[in-house]
Each structure stands twice: as structure tokens, then as C-alpha cells.
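Enquirer: Got a structure here, written out as C-alpha cells. Questions coming.
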There are 2 protein chains.
Amino acid sequence: MTAPSARPRRRADAERSIARIVSAARTLLGSDPNASTDDIARAAGVGRMTLYGHFRTRADLVEAALADALRDGEAVLAAVDLSGDARAAIGRLLASSWELVAESGSLLAAAEGVLPAGRVRELHDPPARRVAELVRRGRDEGVIRTDLPEAWLVGAVHYLVHGAADEVRAGRLAAEDAADAVTKSALSVLTG
Amino acid sequence: MTAPSARPRRRADAERSIARIVSAARTLLGSDPNASTDDIARAAGVGRMTLYGHFRTRADLVEAALADALRDGEAVLAAVDLSGDARAAIGRLLASSWELVAESGSLLAAAEGVLPAGRVRELHDPPARRVAELVRRGRDEGVIRTDLPEAWLVGAVHYLVHGAADEVRAGRLAAEDAADAVTKSALSVLTG
DNA sequence: CATAACTCAAACATGGCCGTACGAGTTAGG
DNA sequence: CCTAACTCGTACGGCCATGTTTGAGTTATG
């Protein structure tokens, strides 16, 4: 699944370094979209030179981090049972994935600021498509409101999730209450 | 109301310059939190030196811009009829103020990144208190849900408003549909 | 009208971050 | 064990934004 044929000439320690760098990038960019390459390298326990050995530019690294996060998201999405009532399915989806989305935090903003115009949306396309389809099915089943644009409904859920993450980070919402608040709020918006 | 006694020795043209600079800062920082002082001065039709003549640091300017936006917000809030059903009052409030909040856009993010820790929340306190009180009243009247923390409800509305603004800016939501989408979504979250 | 306030251009110092270059040391893997 | 791959420190050049200085022109206001 992870394209093992890509680089037969890459050593194991390099692979490990890359993984640590991407992971650190996800974490740091998630809380500060302007985190420097130096910060990221340091957090990864790696010299800045090593980082530049694997990622030509900062933008390359940001894209890799976003792609990695989205890959995880796709995995979660694929594992969730989406059958049955669409509302229940969305509830299950949010319950098991909201933290993941929340962790990305400002990573999205970082990518938006550095990557070429439509690139971010392009990368988001696979997971977004699955959510949109779920919403559409819910509409066909009559359990999700039709008086608001479908794209807005998807967006609203997105903003609620990220908002909850911000509130938790700021200490205004208890972490253990967040999942409940997010799912209830999102379902309220979706069902009207 | 605007403390006329503060600076009897400030000339009228200076006052005008300051107003133009603050206005430009609100506009530019609203769409790009990293707008430079040079950008802002240029947009205000003023030399960079004039800007630094009135605002010692960039942070000072950002705070002034945020304070100005919040002052406008307070004015709108004060003008809205908050009597009667709390839901209807909130509907009226959002209808007449969401654009204002939306215009501030990334101004908030800009302030968050530059001002000392609790300063932003401190500035937000007066308007936030009024909204919170309205939500509380709605709860007492039994028209607003009580199964989620009050602070989260207020925050959720905030995120929906800003999200809608983003969607409009990105062209994914028609400007004329936005107010409707925001009020309906927000009321759904509030009423459960 | 005369003074003080204001405006503004150009140039400079500072500092952060990016990306590159050189070069030496370390480690994986055939 | 030996070679190629990898790591990493230091150091540099370039860019951009902040904030200051100088000095001279313009305008409000008493």
C-alpha cells in the first residue's frame, strides 16, 4: 500500500529520519503554521541539513506533512462502518476521527499559505468526496436537511471540529467533553 | 463616547490619518494576518513613517485595529432588540452582525499571534459577555439546549460565522446565501 | 503669520528564516 | 569490510519585515 517499489536504494535509517521529520512537522505545524524548518528538525531530533537532504524546500515538507495527515484520515474513514442510518454513520465517523482532524490544527493553514493555489483542495479531494457522499445519502434518505447547500453542511462540520480543537487547546473546553460536543453540534446542524 | 479629552493637542489631519490607517489595517489584516506595515501604510495612502509616528510597534497597530472592530461590534450589539424569544433575538443579532464579524476575518488570528497572552480575550470580553447572557436567558426560558456547555455554544456560533466568511471568500458559498446559512446553522446548534 | 504639529522619502541597522556549500564523521548493507 | 548512503555542524548569501534616524517640506491652528 505504501509503494515499496519507489526507492529500492533508500536506506532504513533514512526512512526512519523521514518518518520522524514528517511526524514532527505534523505536530509543530499543527500548533504553529509558521514553525521554522529549524524548529521542525530540532523537534525531530535531526540536523537541519538532514531535513534539507530529504525535502528540497519548506513547501515540499509542508505538503508531505499534509499528505501524511490525509492518508491517516483516509484510513480512518475507510475503517468506519458507514452502513445504516446516515446520521448514525456520521456520528460514528466523528467519534472516531475528530481527534485526528483536530490534531492537524493549523497544518491546513500552513499548507494554504505555502502551496500553489488549488493544491490543498486537490489533496483533500479523496476524503472530502467520501464525506460529501455520506451527506448526500443522508439527504436522499430524508434524515439530513435539504434547505442549505450541501457544500456548506460539509464545511460547517469541518469548522465545528476545528473550533472544538481550538477550544480544547485554549482550555475552555474539557478534552473529555469535546467529542460529545462536536458530534451533537454537528448532527444538529446536519439535521436542522 | 470617544474620550475627546485624551489629546487636546492632536491636529485634525493626524486624526484623519490615524482613522485611515486603522481602517486599512482592519481590511488588510482581515484577509492576511501577516500583512506588513508597509502594505497597510500604502493601502491607507500614507507613508510608512507616518504610520510609525502614530503606532510605536506593529503590535500596537494590530491591537488598535482589533479594538476598533470590537467597538463597532459593540455598537451593533447595543442596537439590536434583544427582547422576546431568545432564539428570535439571536436570529436578529446574527442577521445584522454576521457580516461585521466576518469582515474581521483573520484579524483575530493576527492579534492572537502578536498580542500578549490573554489580551485578545480581554478585549473580547464586553461583547462576549452580552452574547453569553443572551444564551443563558434562552436556557432559562427553555428554548436553548442545556446538554452542552454554555461556553461551547457561544464558541460554536463564533466558528460557524467565521467559517461562513471563509467559504464566501473562497467562493464556495454565495454571499447572498451566507446569512441564511449562518443563522439556520447556528440556531440548530443552539436549540439542539 | 508664526509656531508647532504633521507628513514623508531614503537610507540604515537588525534579525529571522530560507536554501546552499563544504567537509568530515558515522552507519547500513552487500 | 568496504563502499555508498546517510548524518550533521558551521558558515554563508539572500530576502524580507521591523523599527530608527535624518532632514526637509507642508499644513493646521492659535
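By order of appearance in the C-alpha cells: chains A, B, ..., then residues from 1 within every chain, and ligands from 1 in the order shown.
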Dump as a Markdown table the rows for residues of chain D within 12 Å of chain A: closest atom pair and distance in Å with one decimal, only C-alpha atoms (C1' of nucleotides) counted, ordered by chain and rising residue number.

Expert:
| residue | atom | partner | partner_atom | distance |
| --- | --- | --- | --- | --- |
| D:DA4 | C1' | A:Arg9 | CA | 10.1 |
| D:DA5 | C1' | A:Arg11 | CA | 7.0 |
| D:DC6 | C1' | A:Ala14 | CA | 6.7 |
| D:DT7 | C1' | A:Thr50 | CA | 6.3 |
| D:DC8 | C1' | A:Gly47 | CA | 5.5 |
| D:DG9 | C1' | A:Gly47 | CA | 8.5 |
| D:DT10 | C1' | A:Met49 | CA | 11.0 |

Enquirer: Please tabulate, as a Markdown table, the residues of chain C that come within 9 Å of chain B, each with its closest pair of atoms and the distance in Å to one decimal, counting only C-alpha atoms (C1' of nucleotides) and ordering rows by chain, then residue number upward.

Expert:
| residue | atom | partner | partner_atom | distance |
| --- | --- | --- | --- | --- |
| C:DA5 | C1' | B:Arg11 | CA | 6.9 |
| C:DC6 | C1' | B:Ala14 | CA | 6.8 |
| C:DT7 | C1' | B:Thr50 | CA | 6.3 |
| C:DC8 | C1' | B:Gly47 | CA | 5.7 |
| C:DA9 | C1' | B:Gly47 | CA | 8.5 |

Enquirer: For chain B, work out the contacting residues on chain A at 6 Å, counting only C-alpha atoms, and write them as a ChimeraX atom specification.

Expert: /A:159,163,185,188-189,192

Enquirer: If you count only C-alpha atoms (C1' of nucleotides), which residues fall within 9 Å of Arg139 of chain B, apart from same-chain ones fewer than 6 positions away, as a PyMOL selection string?

Expert: chain B and resi 86+145-146

Enquirer: Write out as a PDB file with N, CA and C atoms (P, O5', C5', C4', C3', O3' and C1' of nucleotides), in the first residue's frame the residues lying within 9 Å of DT18 of chain D, counting only C-alpha atoms (C1' of nucleotides) and excluding same-chain residues fewer than 4 positions away.

Expert:
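Output saved as out.pdb:
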ATOM      1  N   THR B  37       3.524  46.299   7.695  1.00  0.00           N
ATOM      2  CA  THR B  37       3.217  47.699   7.961  1.00  0.00           C
ATOM      3  C   THR B  37       3.303  48.512   6.672  1.00  0.00           C
ATOM      4  N   THR B  57       4.733  50.293  17.563  1.00  0.00           N
ATOM      5  CA  THR B  57       5.104  48.988  17.017  1.00  0.00           C
ATOM      6  C   THR B  57       3.939  48.425  16.215  1.00  0.00           C
ATOM      7  N   ARG B  58       4.246  47.377  15.500  1.00  0.00           N
ATOM      8  CA  ARG B  58       3.214  46.710  14.721  1.00  0.00           C
ATOM      9  C   ARG B  58       2.120  46.161  15.630  1.00  0.00           C
TER      10      ARG B  58
ATOM     11  P    DT C  14      23.416  47.127  14.105  1.00  0.00           P
ATOM     12  O5'  DT C  14      22.144  46.183  14.210  1.00  0.00           O
ATOM     13  C5'  DT C  14      20.889  46.748  14.622  1.00  0.00           C
ATOM     14  C4'  DT C  14      19.825  45.681  14.575  1.00  0.00           C
ATOM     15  C3'  DT C  14      20.327  44.238  14.748  1.00  0.00           C
ATOM     16  O3'  DT C  14      19.722  43.695  15.906  1.00  0.00           O
ATOM     17  C1'  DT C  14      18.779  44.397  12.962  1.00  0.00           C
ATOM     18  P    DG C  15      20.247  42.303  16.470  1.00  0.00           P
ATOM     19  O5'  DG C  15      19.140  41.266  15.963  1.00  0.00           O
ATOM     20  C5'  DG C  15      17.769  41.666  15.989  1.00  0.00           C
ATOM     21  C4'  DG C  15      16.967  40.684  15.166  1.00  0.00           C
ATOM     22  C3'  DG C  15      17.499  39.244  15.225  1.00  0.00           C
ATOM     23  O3'  DG C  15      16.400  38.380  15.420  1.00  0.00           O
ATOM     24  C1'  DG C  15      17.242  39.919  12.977  1.00  0.00           C
TER      25       DG C  15
END

Enquirer: Show which residues sit within 6 Å of segment 103-108 of chain A, as a list in words. Count only C-alpha atoms (C1' of nucleotides), and ignore same-chain residues fewer than 5 positions away.

Expert: Leu29, Gly30, Ser31 and Pro33 of chain A

Enquirer: Between atom CA of Thr183 of chain B and atom CA of Leu94 of chain B, what distance in Å does the model show, to one decimal?

Expert: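 Atom CA of Thr183 of chain B sits 6.2 Å away from atom CA of Leu94 of chain B.
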
Enquirer: Do a neighbour search on Ser83 of chain B at 12 Å with only C-alpha atoms (C1' of nucleotides), toss out local chain neighbours closer than 4 positions, and write the hits as a VMD selection string.

Expert: chain B and resid 79 87 to 93 134 137 to 138

Enquirer: Apply DSSP to the structure's backbone, then extract all residues of segment 106-180 of chain B labelled alpha helix (DSSP H) and return them as a ChimeraX atom specification.

Expert: /B:107-114,119-140,150-169,175-180

Enquirer: Could you list, as a list in words, every residue within 12 Å of DA13 of chain C, counting only C-alpha atoms (C1' of nucleotides) and ignoring same-chain residues fewer than 6 positions away?

Expert: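 The contact residues come out as DT18, DG19, DT20 and DT21 of chain D.
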
Enquirer: Keeping C-alpha atoms (C1' of nucleotides) for every residue in the selection just given, could you write it to a file as a short mmCIF file (atom, residue, chain, number, x, y, z; two decimals), in the first residue's frame?

Expert:
data_model
loop_
_atom_site.label_atom_id
_atom_site.label_comp_id
_atom_site.auth_asym_id
_atom_site.auth_seq_id
_atom_site.Cartn_x
_atom_site.Cartn_y
_atom_site.Cartn_z
"C1'" DT D 18 10.61 45.65 11.57
"C1'" DG D 19 11.83 49.82 13.65
"C1'" DT D 20 15.05 54.03 13.74
"C1'" DT D 21 17.38 58.06 12.03
#

Enquirer: Tell me, in Å to one decimal, how far atom CA of Glu112 of chain A is from atom CA of Tyr52 of chain A.

Expert: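 Result for atom CA of Glu112 of chain A versus atom CA of Tyr52 of chain A: 21.3 Å, one decimal.
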